[in-house]
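Source file: start.cif (mmCIF, C-alpha atoms)
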data_model
#
loop_
_atom_site.label_atom_id
_atom_site.label_comp_id
_atom_site.auth_asym_id
_atom_site.auth_seq_id
_atom_site.Cartn_x
_atom_site.Cartn_y
_atom_site.Cartn_z
CA MET A 1 35.36 -76.62 -60.18
CA LEU A 2 38.54 -78.38 -61.34
CA THR A 3 38.45 -81.07 -64.02
CA GLU A 4 41.43 -83.40 -64.42
CA SER A 5 42.58 -84.91 -67.69
CA LEU A 6 45.74 -86.23 -69.32
CA ARG A 7 47.35 -83.92 -71.88
CA ASP A 8 49.53 -85.50 -74.55
CA LEU A 9 52.95 -83.86 -74.93
CA GLY A 10 54.08 -86.11 -77.76
CA THR A 11 56.35 -88.53 -75.93
CA HIS A 12 54.25 -88.78 -72.76
CA SER A 13 51.18 -87.33 -71.08
CA ILE A 14 50.85 -85.19 -67.98
CA ASN A 15 47.86 -84.79 -65.72
CA VAL A 16 46.31 -81.31 -65.68
CA ALA A 17 43.58 -79.90 -63.45
CA ASP A 18 41.67 -77.19 -65.35
CA SER A 19 39.43 -74.63 -63.67
CA ALA A 20 38.08 -73.30 -66.98
CA GLY A 21 36.88 -69.74 -66.32
CA ASP A 22 38.22 -66.41 -67.48
CA GLU A 23 41.50 -65.68 -69.18
CA PRO A 24 44.35 -65.02 -68.80
CA THR A 25 45.51 -68.55 -68.12
CA LEU A 26 47.63 -69.09 -65.01
CA ILE A 27 49.67 -72.31 -65.11
CA MET A 28 50.90 -73.67 -61.78
CA PHE A 29 53.94 -75.92 -61.30
CA HIS A 30 54.51 -77.75 -58.00
CA GLY A 31 57.74 -78.72 -56.23
CA VAL A 32 59.59 -82.01 -56.46
CA THR A 33 57.83 -85.01 -54.80
CA ARG A 34 54.51 -83.12 -54.68
CA ARG A 35 51.45 -82.94 -56.99
CA TRP A 36 49.05 -80.22 -58.08
CA GLN A 37 46.92 -80.48 -54.92
CA THR A 38 49.67 -78.70 -52.99
CA PHE A 39 48.14 -75.46 -54.30
CA LEU A 40 44.66 -76.03 -52.86
CA PRO A 41 45.12 -73.31 -50.19
CA ILE A 42 45.38 -70.62 -52.88
CA VAL A 43 43.32 -72.01 -55.77
CA ASN A 44 40.01 -70.31 -54.95
CA GLU A 45 41.43 -66.81 -54.78
CA LEU A 46 43.55 -67.19 -57.90
CA SER A 47 40.67 -68.65 -59.91
CA LEU A 48 38.57 -65.51 -59.38
CA ARG A 49 40.58 -63.71 -62.05
CA HIS A 50 42.26 -66.50 -64.02
CA ARG A 51 41.71 -69.77 -65.73
CA LEU A 52 43.98 -72.17 -63.86
CA LEU A 53 45.94 -75.09 -65.24
CA LEU A 54 47.54 -77.03 -62.39
CA ILE A 55 49.90 -79.76 -63.53
CA ASP A 56 51.35 -82.94 -62.14
CA ALA A 57 54.96 -82.92 -63.29
CA ARG A 58 56.39 -85.91 -65.15
CA GLY A 59 56.77 -88.85 -62.78
CA HIS A 60 54.49 -87.23 -60.20
CA GLY A 61 50.82 -87.65 -59.33
CA LEU A 62 48.78 -89.04 -62.22
CA SER A 63 51.25 -88.04 -64.92
CA ASP A 64 53.28 -90.53 -66.95
CA ARG A 65 56.75 -91.45 -65.87
CA ALA A 66 59.49 -89.91 -67.99
CA PRO A 67 59.92 -92.03 -71.13
CA ASP A 68 63.55 -90.96 -71.37
CA GLY A 69 64.13 -91.55 -67.65
CA GLU A 70 65.24 -87.93 -67.26
CA TYR A 71 64.26 -85.83 -64.29
CA PHE A 72 66.53 -82.82 -64.61
CA VAL A 73 65.14 -79.32 -64.07
CA ASN A 74 65.48 -78.82 -67.83
CA SER A 75 63.27 -81.88 -68.40
CA TYR A 76 60.41 -80.22 -66.54
CA ILE A 77 61.02 -76.99 -68.48
CA ARG A 78 60.63 -78.84 -71.79
CA ASP A 79 57.28 -80.19 -70.62
CA GLY A 80 56.11 -76.74 -69.57
CA CYS A 81 57.01 -75.24 -72.93
CA GLU A 82 55.25 -78.04 -74.81
CA LEU A 83 52.11 -77.68 -72.69
CA ILE A 84 51.92 -73.97 -73.50
CA ARG A 85 52.46 -74.54 -77.22
CA ARG A 86 49.83 -77.29 -77.48
CA TYR A 87 47.11 -76.24 -75.05
CA THR A 88 47.06 -72.46 -74.64
CA ASP A 89 46.36 -69.46 -76.84
CA GLY A 90 47.70 -66.01 -76.21
CA PRO A 91 49.82 -64.87 -73.27
CA VAL A 92 49.96 -66.87 -70.05
CA VAL A 93 51.07 -66.24 -66.48
CA LEU A 94 53.14 -68.83 -64.61
CA TYR A 95 53.38 -69.69 -60.90
CA GLY A 96 55.87 -72.18 -59.52
CA HIS A 97 56.95 -73.44 -56.12
CA SER A 98 60.46 -74.80 -55.50
CA LEU A 99 61.28 -76.97 -58.55
CA GLY A 100 58.26 -75.32 -60.14
CA ALA A 101 59.76 -71.89 -59.52
CA MET A 102 62.92 -72.82 -61.42
CA THR A 103 60.72 -74.36 -64.10
CA VAL A 104 58.68 -71.21 -64.71
CA ALA A 105 61.84 -69.11 -64.92
CA GLY A 106 63.22 -71.46 -67.56
CA VAL A 107 59.96 -71.54 -69.51
CA ALA A 108 59.66 -67.75 -69.46
CA ALA A 109 63.23 -67.34 -70.68
CA GLN A 110 62.56 -69.73 -73.58
CA LEU A 111 59.09 -68.41 -74.51
CA PRO A 112 59.32 -64.63 -73.93
CA ASP A 113 56.52 -63.93 -76.42
CA ARG A 114 54.07 -66.24 -74.64
CA VAL A 115 54.74 -65.54 -70.94
CA LYS A 116 53.56 -62.19 -69.61
CA ALA A 117 54.56 -62.64 -65.93
CA ILE A 118 55.89 -65.23 -63.49
CA VAL A 119 55.76 -65.85 -59.75
CA MET A 120 58.61 -67.89 -58.26
CA GLU A 121 58.05 -69.24 -54.74
CA ASP A 122 61.35 -70.06 -53.03
CA PRO A 123 63.35 -71.68 -55.87
CA PRO A 124 66.21 -73.67 -54.28
CA LEU A 125 68.70 -72.95 -57.07
CA GLU A 126 72.19 -74.05 -55.95
CA THR A 127 70.87 -75.25 -52.58
CA MET A 128 69.74 -78.31 -54.55
CA GLY A 129 72.54 -78.03 -57.06
CA GLU A 130 76.23 -78.07 -56.28
CA ARG A 131 75.62 -77.16 -52.62
CA ILE A 132 73.17 -79.97 -51.80
CA GLY A 133 75.90 -82.05 -50.16
CA GLN A 134 76.51 -79.22 -47.70
CA THR A 135 72.89 -79.20 -46.55
CA PRO A 136 70.52 -81.59 -44.72
CA LEU A 137 68.55 -81.95 -47.96
CA LEU A 138 70.79 -84.66 -49.39
CA GLY A 139 70.13 -86.96 -46.44
CA TYR A 140 66.45 -86.07 -46.45
CA PHE A 141 65.94 -86.99 -50.10
CA GLN A 142 67.98 -90.15 -49.70
CA GLY A 143 65.70 -91.14 -46.83
CA VAL A 144 62.45 -90.34 -48.59
CA SER A 145 63.51 -91.97 -51.88
CA GLN A 146 63.15 -95.48 -50.44
CA TYR A 147 59.37 -94.98 -50.22
CA ALA A 148 58.76 -93.66 -53.75
CA GLY A 149 56.08 -95.77 -55.43
CA ASP A 150 55.44 -97.68 -52.18
CA THR A 151 52.24 -99.75 -52.37
CA ARG A 152 51.58 -99.83 -48.64
CA SER A 153 48.68 -97.82 -47.19
CA VAL A 154 48.76 -94.06 -46.76
CA GLU A 155 48.85 -94.57 -42.99
CA GLU A 156 51.86 -96.87 -43.19
CA VAL A 157 53.82 -94.67 -45.57
CA ALA A 158 53.01 -91.56 -43.51
CA THR A 159 54.45 -93.25 -40.43
CA LEU A 160 57.58 -94.29 -42.32
CA LEU A 161 58.06 -90.77 -43.70
CA GLY A 162 57.70 -89.31 -40.23
CA ASP A 163 60.50 -91.57 -39.02
CA VAL A 164 62.96 -90.53 -41.73
CA THR A 165 66.08 -89.12 -40.06
CA TYR A 166 68.79 -87.04 -41.67
CA SER A 167 71.69 -84.86 -40.57
CA ASP A 168 73.21 -81.48 -41.23
CA PRO A 169 76.72 -82.27 -42.51
CA VAL A 170 77.99 -78.91 -41.25
CA SER A 171 76.63 -78.83 -37.69
CA GLY A 172 76.19 -82.58 -37.23
CA GLU A 173 72.66 -81.99 -35.92
CA THR A 174 70.19 -84.81 -36.63
CA PHE A 175 66.55 -84.25 -37.61
CA ARG A 176 63.42 -86.39 -37.79
CA ALA A 177 60.95 -85.49 -40.55
CA GLY A 178 57.94 -86.04 -38.30
CA ASP A 179 59.14 -83.37 -35.88
CA SER A 180 58.59 -80.60 -38.44
CA ARG A 181 55.32 -81.88 -39.97
CA ASN A 182 52.02 -82.72 -38.33
CA ALA A 183 50.04 -85.90 -38.98
CA ALA A 184 47.88 -84.34 -41.70
CA GLN A 185 50.91 -83.02 -43.57
CA LEU A 186 52.59 -86.41 -43.38
CA ARG A 187 49.49 -88.07 -44.80
CA PHE A 188 49.48 -85.68 -47.75
CA ALA A 189 53.20 -86.26 -48.29
CA ALA A 190 52.51 -90.00 -48.26
CA THR A 191 49.85 -89.69 -50.98
CA CYS A 192 52.40 -87.84 -53.12
CA VAL A 193 55.32 -90.18 -52.51
CA ARG A 194 53.23 -93.30 -53.19
CA ARG A 195 52.61 -92.01 -56.75
CA LEU A 196 56.19 -90.94 -57.37
CA ASP A 197 58.63 -92.48 -59.84
CA PRO A 198 61.71 -93.50 -57.77
CA ALA A 199 63.91 -92.25 -60.63
CA VAL A 200 62.91 -88.68 -59.74
CA PHE A 201 65.50 -88.77 -56.95
CA GLU A 202 68.47 -89.98 -58.98
CA SER A 203 69.66 -86.66 -60.41
CA ILE A 204 68.94 -84.92 -57.10
CA VAL A 205 71.08 -87.13 -54.87
CA GLN A 206 73.81 -87.21 -57.52
CA ALA A 207 73.91 -83.37 -57.46
CA ARG A 208 73.12 -83.39 -61.20
CA TRP A 209 69.60 -81.93 -60.99
CA LEU A 210 70.65 -78.55 -62.44
CA GLU A 211 72.69 -80.09 -65.25
CA GLY A 212 72.21 -77.87 -68.30
CA TYR A 213 70.34 -75.23 -66.26
CA ASP A 214 72.46 -72.09 -66.20
CA VAL A 215 71.06 -69.81 -63.49
CA ASP A 216 72.71 -66.67 -64.86
CA SER A 217 71.47 -67.31 -68.40
CA VAL A 218 67.93 -68.11 -67.27
CA PHE A 219 67.46 -65.14 -64.97
CA SER A 220 69.21 -62.61 -67.20
CA GLY A 221 66.95 -63.83 -70.01
CA LEU A 222 63.67 -62.98 -68.29
CA ARG A 223 61.77 -60.32 -70.23
CA CYS A 224 58.56 -60.25 -68.20
CA PRO A 225 57.71 -58.93 -64.71
CA SER A 226 59.02 -61.59 -62.33
CA LEU A 227 58.09 -61.86 -58.65
CA LEU A 228 60.52 -63.81 -56.46
CA LEU A 229 59.16 -64.94 -53.08
CA GLN A 230 61.92 -65.84 -50.62
CA ALA A 231 61.24 -67.96 -47.55
CA ASP A 232 63.42 -67.65 -44.44
CA TYR A 233 66.50 -69.85 -44.97
CA GLY A 234 67.00 -70.16 -41.23
CA ALA A 235 63.41 -71.39 -40.80
CA GLY A 236 63.60 -74.05 -43.51
CA GLY A 237 63.62 -71.99 -46.67
CA MET A 238 65.78 -73.12 -49.60
CA LEU A 239 66.62 -69.86 -51.38
CA SER A 240 69.67 -68.26 -49.77
CA ASP A 241 70.17 -64.52 -49.34
CA GLU A 242 73.21 -64.75 -51.61
CA ASP A 243 71.27 -66.42 -54.43
CA THR A 244 68.43 -63.91 -54.07
CA ALA A 245 70.78 -60.95 -54.31
CA HIS A 246 72.59 -62.52 -57.25
CA VAL A 247 69.56 -63.23 -59.45
CA CYS A 248 68.04 -59.82 -58.68
CA SER A 249 71.31 -58.19 -59.73
CA LEU A 250 71.11 -59.97 -63.08
CA ASN A 251 67.80 -58.49 -64.16
CA SER A 252 65.74 -55.47 -63.11
CA ASN A 253 62.58 -57.40 -64.04
CA VAL A 254 63.10 -59.60 -60.96
CA ASN A 255 61.65 -58.19 -57.74
CA SER A 256 61.95 -60.10 -54.47
CA VAL A 257 59.76 -60.21 -51.35
CA TYR A 258 61.09 -61.78 -48.15
CA PHE A 259 58.90 -63.79 -45.74
CA GLU A 260 60.62 -63.67 -42.36
CA GLY A 261 60.22 -66.74 -40.17
CA ILE A 262 58.39 -68.67 -42.92
CA PRO A 263 59.67 -72.05 -44.22
CA HIS A 264 59.88 -73.33 -47.78
CA GLY A 265 56.16 -73.89 -48.41
CA ILE A 266 55.03 -70.29 -48.13
CA HIS A 267 51.62 -71.05 -49.69
CA TRP A 268 50.93 -73.46 -46.79
CA SER A 269 52.57 -71.61 -43.90
CA ALA A 270 51.70 -68.00 -44.73
CA THR A 271 48.75 -68.28 -47.11
CA SER A 272 47.18 -64.88 -46.45
CA GLU A 273 50.50 -63.05 -46.56
CA LEU A 274 51.41 -64.76 -49.81
CA LEU A 275 48.09 -63.90 -51.43
CA ASN A 276 48.40 -60.30 -50.26
CA THR A 277 51.61 -60.14 -52.28
CA VAL A 278 50.74 -62.29 -55.29
CA LEU A 279 47.25 -60.96 -56.06
CA PRO A 280 48.25 -57.30 -56.47
CA PHE A 281 51.25 -58.37 -58.53
CA LEU A 282 49.00 -60.35 -60.88
CA GLU A 283 46.60 -57.43 -61.16
CA SER A 284 49.51 -55.18 -62.11
CA VAL A 285 50.25 -57.27 -65.21
CA ARG A 286 46.71 -57.48 -66.55
CA ASP A 287 45.98 -55.60 -69.75
#
What would you get if you wrote out this structure as structure tokens?
Amino acid sequence: MLTESLRDLGTHSINVADSAGDEPTLIMFHGVTRRWQTFLPIVNELSLRHRLLLIDARGHGLSDRAPDGEYFVNSYIRDGCELIRRYTDGPVVLYGHSLGAMTVAGVAAQLPDRVKAIVMEDPPLETMGERIGQTPLLGYFQGVSQYAGDTRSVEEVATLLGDVTYSDPVSGETFRAGDSRNAAQLRFAATCVRRLDPAVFESIVQARWLEGYDVDSVFSGLRCPSLLLQADYGAGGMLSDEDTAHVCSLNSNVNSVYFEGIPHGIHWSATSELLNTVLPFLESVRD
């Protein structure tokens, strides 16, 4: 059973769902625009061998909005480090999806004595950094941003999100968000976006999201076993083959697994396959 509560980080509080249970603690960090419930497909299996802490990032879900107005990747890393210092004892394991994957890498690099292993699910890296203007993601986030914090009903916001259109600046092809998500997925997206601070999008659409986040420094600084899960870029993944090869070349602690034909949310689209990779990895790092 998960119990939610606000955890004070000094300048603001973040919402955390706690499974209690056995150590070691596994802290889970979601992607941008989402909230901790995105991990529901894999919570039961992971909680069999870990105490889970699932967080709503600053400005997301039930967490406070950023008091400094900052929503850079490094901002989320600071929160992760502070949560570990204040609310955990002993070594922890970290799991992150998308933004969360970049967050756990940054936290592990900064707290090598506290983090014993990390799992990174399809971190976008420069796809949402300097290259975002060359991808359909810029138009997508610009379209979705207008509904952040919207007070209309879930049904209304879901319909509006489904009608968001955006283009690939390279091919000129136009997409509609509702054509790649079913009605249930749009409803969940609507519940997330309605609770989202609109300022979350500012650094993203300005291509400043990675400001201060040096990919080479972060990944070369990892001292723990690090599992990198790569979705299929051609099927909607965000981690390119080039970025995967580059970060793996920086550090022998980083091992990658490729999910052919699977889009960005591997834990939703290939749940069993993901668990069949993640669970044995987590067992391999137990004392």
Point (77.8, -85.7, -43.3) neighbourhood (12 Å, only C-alpha atoms) written as a ChimeraX atom specification: /A:132-140,166-174
Evaluate the PyMOL selection byres ((chain A and resi 112-123) around 7) and report residues as a PyMOL selection string: chain A and resi 90-99+101-102+104+108-111+124-125+223-231+238-239+264+285
Write out as a tab-separated table a residue-level contact list of stretch 137-198 of chain A versus stretch 54-58 of chain A with cut-off 12 Å: for each qualifying residue the closest pair of atoms and the distance in Å to one decimal, counting only C-alpha atoms, rows sorted by chain and residue number upward.
residue	atom	partner	partner_atom	distance
A:Cys192	CA	A:Asp56	CA	10.3
A:Arg195	CA	A:Asp56	CA	10.6
A:Leu196	CA	A:Arg58	CA	9.3
A:Asp197	CA	A:Arg58	CA	8.7
A:Pro198	CA	A:Arg58	CA	11.8
Generate the output file for the selected residues, C-alpha atoms, as a compact mmCIF listing (two decimals), in the coordinates of the input.
# COMPACT_ATOMS: atom_id res chain seq x y z
CA CYS A 192 52.40 -87.84 -53.12
CA ARG A 195 52.61 -92.01 -56.75
CA LEU A 196 56.19 -90.94 -57.37
CA ASP A 197 58.63 -92.48 -59.84
CA PRO A 198 61.71 -93.50 -57.77
Atom CA of A:Ala235 to atom CA of A:Asn44, distance in Å rounded to a single decimal: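 According to the coordinates, atom CA of A:Ala235 and atom CA of A:Asn44 are separated by 27.4 Å.
Residue membership of the PyMOL selection byres ((chain A and resi 178) around 8) in the shown file amounts to Leu161, Gly162, Asp163, Val164, Arg176, Ala177, Asp179, Ser180, Arg181, Asn182, Ala183 and Leu186 of chain A.
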